[in-house]
Amino acid sequence: MKNKLTKIGHRTKEFIKRFAKGTKNYFKHNYLFITFVLTTFIEACMLRFFTVKNFTAISPLLADFAVILLVGSFAYFFKSKNRFKYLMTWSIIFTLVCVINSAYYSNYVSFTSFSLLATSMQIFGVGDALNTIVEIKDFSYILGPVILILVNKRYRNTSYYDYANTKNKSRITFLKTLLVSAISLGFFMSTVTGTDISRLYKQWNREYVVMKFGIYVYQANDLIASLKPQISPLFGYDKAAKEFREYYEEYPSEKSDNKYTNKYKGKNVIVIHAESIQNFLLDTEINGKQLMPNLKKLSEEGLYFSNFYAQESVGTSSDSEFTFNTSLLPASNGTVFVSYWDREYLSIPKLLNEKDYYTFSMHANKGNFWNREVMHKQLGYDKFYNYKTDYTINDEDVIGLGLNDKSFFKQSTEKISKINEKNKNWYGVLLMLTNHTPFTGLEDATDIDLTYKYTKTNEETGEQEEVINDYLKDTTLGNYFTTAHYADEALGEFVNELDEAGLLDNTILVIYGDHDAKIKRSEYNRYYNYDPETDSKLDEEDPNYKEFTKYDYEINRSVPFIIWTKDNQEKKKIDKVMGMYDILPTLGNMLGIYSPYALGHDIFSIDENFVVFPNGNWITNKMYYDSQSDEGILLDQNAVISSDYIEKYRDRAEKEVQVSNDIIVHDLIKKTKESKDVLKENKNG
Ligand code: GP9
Ligand code: MN
């Protein structure tokens with residue numbers, strides 16, 4: 001036994017000795033490689049230190065390390081001088097990534113993208129380019145390659161060059177490096193969540209991606225995302241162009257002629273993009289208090305489209321903006337604002353520009369969020385007022401992503417007044433922000449009481465006593481109610497401010513909810529089936545339990561759409577089903593503009609409307625169809641649905657999603673060369 005132990009002890013000692021010797025040997029002969037790893041690794045940490053500030057977070061450290069080792073490992077396929085050249089090339093690439101991103105971040109508080117490189121000067125204009133600030137810290141990364149050169153100089157005549165120079169040795173060192181890279185990657189992957197992957201895929205939340213995946217993975221992923229739109233148009237253009245022609249032959253987008261035609265021609269327009277506001281909020285009361293009394297009132301005084309749906313995809317707000325403006329559906333892969341911003345689209349601002357409108361957008365979040373800075377120019381807005389460039393943002397006025405809605409509206413009213421003085425006609429879109437997920441920041445500052453109060457008999461004393469349950473407190477739905485209520489107050493104040501400034505007299509107010517709040521179905525189930533006795537959801541066996549089904553959820557995603565004027569001349573509730581892509585044809589008809597590429601319809605000129613969602617689901621007043629399960633539900637119990645009916649819309653839905661995506665990917669509007677004629681025709685129309 002004793003002998004055995006001595007043997008084990010001896011072996012362990014031997015192993016440690018060999019390991020120490022091997023490590024020493026490795027370090028001694030790998031100065032260059034180690035310098036490469038250390039310098040590029042430190043550069044990545046420095047970049048996060050100077051920008052997003054999470055330089056000690058473990059996930060990006062692991063990701064950076066894995067990438068650097070992976071890239072560096074191939075150096076072992078080269079001999080002597082070439083090995084240095086290989087590592088030097090990558091050191092320069094990594095350093096450039098850091099320098100450029102560091103400078104870009106100083107200017108735009110975000111990270112750069114390959115997709116912006118080619119045309120960035122064109123888009124930003126010379127004026128913007130001259131304003132670029134470059135600070136000394138942005139160049140500090142250059143120390144990395146400099147150190148690599150020095151280390152190479154110092155060691156190039158030593159035994160270093162001989163190390164791992166035989167085929168066998170280099171292969172083994174390559175494999176060992178790769179193994180360490182894989183282990184690091186494995187640890188990293190264990191920290192990654194579904195949300196992280198989805199954000200990496202979407203790539204628009206650049207700060208988040210860098211914070212989680214590190215700068216090198218971000219930039220590599222950005223390269224792929226930026227190439228995708230360049231590569232995909234190379235395939236299938238002819239087929240796409242043919243189907244595009246055939247689609248519009250079969251379903252032409254015709255100019256409508258109805259009682260609303262040109263009704264608001266020459267009027268100014270204020271569009272309010274109401275962040276995450278759903279229709280059901282208009283009729284929701286919490287403890288006897290109406291959640292959105294101002295919006296409700298506006299809906300009762302104007303044209304209220306009560307069965308209206310956003311048609312957004314992963315691009316949420318930006319998708320809704322896109323569909324609102326162009327009457328096209330969002331892209332099937334990626335988002336138009338981020339990946340397909342360089343295509344030509346026929347949009348409301350462009351059409352109104354032809355009618356000598358001054359067009360603008362306003363938003364109190366950073367201008368590069370959703371790539372708006374770039375995309376709003378592409379959509380034809382004359383100016384995009386945003387964030388600190390145009391708004392005074394004191395820390396105490398920040399809620400969630402940026403300036404709170406009340407201050408945003410107040411400051412915007414002043415800007416609109418000035419615009420009104422200088423321009424005969426104008427059209428402006430104001431993007432709200434406070435009612436945004438996670439709907440926090442107002443819990444202590446709201447008059448919405450989220451508790452549930454009731455009286456019950458105390459079993460011991462037999463007396464009546466009041467019980468107060470937390471009910472909606474600290475739930476996402478409850479928080480949503482508080483921020484939506486705040487948004488409503490802000491809206492009410494805005495309408496008053498506009499009126500006081502005399503800005504409502506020749507103006508139409510358009511309000512749309514940009515998409516639903518994406519709150520889990522389980523929260524609705526608890527809300528609609530609340531049992532105060534247990535302070536949770538009723539038992540599913542309970543006769544009073546009524547499941548909030550997946551269809552209830554889908555229908556409940558409906559958002560408000562309102563067209564309002566101060567004179568309240570048009571009071572009407574329109575129940576016909578309608579989608580975001582119906583706005584350009586409907587509102588356009590009122591303003592005297594028209595797009596032949598609209599996929600939607602003028603709601604006042606169509607008998608039965610149907611709305612397709614980017615995932616292929618669709619809705620009519622008669623039914624909701626789920627394309628994933630190939631099932632649907634009746635919305636009108638008296639309706640008789642034939643298989644032809646379903647077949648007709650299913651086919652149409654597929655065609656719409658396809659043709660819209662083809663227009664985006666293959667830039668078909670530009671390539672048909674008709675859009676200029678359309679604009680000309682629109683000018684004279
Ligand atoms: C961000 C705001 C919200 O600026 O428009 O975007 P969302 O997260 O809703 O897409
Ligand atoms: Mn949104």
# chains A, B, ... in the order shown; residues from 1 in each chain; ligands from 1
call {"tool": "residues_around", "arguments": {"residues": "A:Pro596", "least_positions_apart": "6", "cutoff": "12 Å", "atoms": "only C-alpha atoms", "output": "MDAnalysis selection string"}}
result
chainID A and resid 245 247:249 251:256 326:328 345:347 351 584:585 588 669 672 674:679 681:682
call {"tool": "residues_around", "arguments": {"residues": "A:Ser660", "least_positions_apart": "6", "cutoff": "9 Å", "atoms": "only C-alpha atoms", "output": "JSON, numbers by chain"}}
result
{"A": [244, 328, 329, 330, 331, 332, 599]}
call {"tool": "closest_residue", "arguments": {"among": "A:Trp426, A:Asn168, A:Ala487, A:Leu503", "to": "A:Thr565", "atoms": "only C-alpha atoms"}}
result
A:Leu503
call {"tool": "residues_around", "arguments": {"residues": "A:Phe33", "least_positions_apart": "4", "cutoff": "8 Å", "atoms": "only C-alpha atoms", "output": "list in words"}}
result
Val37, Gly72 and Leu87 of chain A
call {"tool": "closest_atom_pairs", "arguments": {"of": "chain A", "to": "ligand 2", "cutoff": "8 Å", "atoms": "only C-alpha atoms and all ligand atoms", "output": "Markdown table"}}
result
| residue | atom | partner | partner_atom_place_in_ligand_line | distance |
| --- | --- | --- | --- | --- |
| A:Ala274 | CA | ligand 2 | 1 (Mn) | 7.9 |
| A:Glu275 | CA | ligand 2 | 1 (Mn) | 4.9 |
| A:Ser276 | CA | ligand 2 | 1 (Mn) | 5.6 |
| A:Thr316 | CA | ligand 2 | 1 (Mn) | 5.4 |
| A:Ser317 | CA | ligand 2 | 1 (Mn) | 3.6 |
| A:Ser318 | CA | ligand 2 | 1 (Mn) | 7.3 |
| A:Ser320 | CA | ligand 2 | 1 (Mn) | 7.9 |
| A:Leu433 | CA | ligand 2 | 1 (Mn) | 7.8 |
| A:His436 | CA | ligand 2 | 1 (Mn) | 6.9 |
| A:Asp514 | CA | ligand 2 | 1 (Mn) | 5.6 |
| A:His515 | CA | ligand 2 | 1 (Mn) | 6.2 |
call {"tool": "closest_residue", "arguments": {"among": "A:Glu460, A:Glu654, A:Glu547, A:Asp516", "to": "ligand 1", "atoms": "only C-alpha atoms and all ligand atoms"}}
result
A:Asp516
call {"tool": "select_by_dssp", "arguments": {"residues": "stretch 422-467 of chain A", "states": "strand (DSSP E)", "output": "list in words"}}
result
Asn425, Trp426, Tyr427, Gly428, Val429, Leu430, Leu431, Tyr452, Lys453, Tyr454, Thr455, Lys456, Thr457, Gln464, Glu465, Glu466 and Val467 of chain A
call {"tool": "closest_residue", "arguments": {"among": "A:Lys153, A:Arg372, A:Lys297, A:Arg18", "to": "ligand 1", "atoms": "only C-alpha atoms and all ligand atoms"}}
result
A:Arg372
call {"tool": "closest_residue", "arguments": {"among": "A:Ala484, A:Asp567, A:Phe360, A:Gln658", "to": "A:Lys377", "atoms": "only C-alpha atoms"}}
result
A:Phe360
call {"tool": "closest_residue", "arguments": {"among": "A:Glu373, A:Glu466, A:Asp257, A:Asp662", "to": "ligand 1", "atoms": "only C-alpha atoms and all ligand atoms"}}
result
A:Glu373
call {"tool": "residues_near_ligand", "arguments": {"ligand": "ligand 1", "cutoff": "10 Å", "atoms": "only C-alpha atoms and all ligand atoms", "output": "JSON, numbers by chain"}}
result
{"A": [204, 205, 273, 274, 275, 276, 312, 313, 314, 315, 316, 317, 318, 319, 320, 321, 363, 364, 365, 366, 367, 368, 369, 370, 371, 372, 386, 387, 400, 401, 402, 431, 432, 433, 434, 435, 436, 437, 438, 514, 515, 516, 517, 518]}
call {"tool": "closest_residue", "arguments": {"among": "A:Val271, A:Ile519, A:Val467, A:Leu96", "to": "A:Thr451", "atoms": "only C-alpha atoms"}}
result
A:Val467
call {"tool": "select_by_dssp", "arguments": {"residues": "stretch 358-485 of chain A", "states": "alpha helix (DSSP H)", "output": "PyMOL selection string"}}
result
chain A and resi 372-379+387-390+405-422+476-485
call {"tool": "residues_around", "arguments": {"residues": "A:Thr440", "least_positions_apart": "4", "cutoff": "12 Å", "atoms": "only C-alpha atoms", "output": "PyMOL selection string"}}
result
chain A and resi 398-401+434-436+444-446+473-484+486
call {"tool": "atom_distance", "arguments": {"atom1": "atom CA of A:Ala225", "atom2": "atom CA of A:Ser113"}}
result
9.3 Å
call {"tool": "residues_around", "arguments": {"residues": "A:Met590", "least_positions_apart": "5", "cutoff": "10 Å", "atoms": "only C-alpha atoms", "output": "VMD selection string"}}
result
chain A and resid 256 to 267 584 to 585 602
call {"tool": "atom_distance", "arguments": {"atom1": "atom CA of A:Pro560", "atom2": "atom CA of A:Ile419"}}
result
27.6 Å
call {"tool": "residues_around", "arguments": {"residues": "A:Cys45", "least_positions_apart": "2", "cutoff": "8 Å", "atoms": "only C-alpha atoms", "output": "NGL selection string"}}
result
:A and (41-43 or 47-49 or 55-56 or 61)
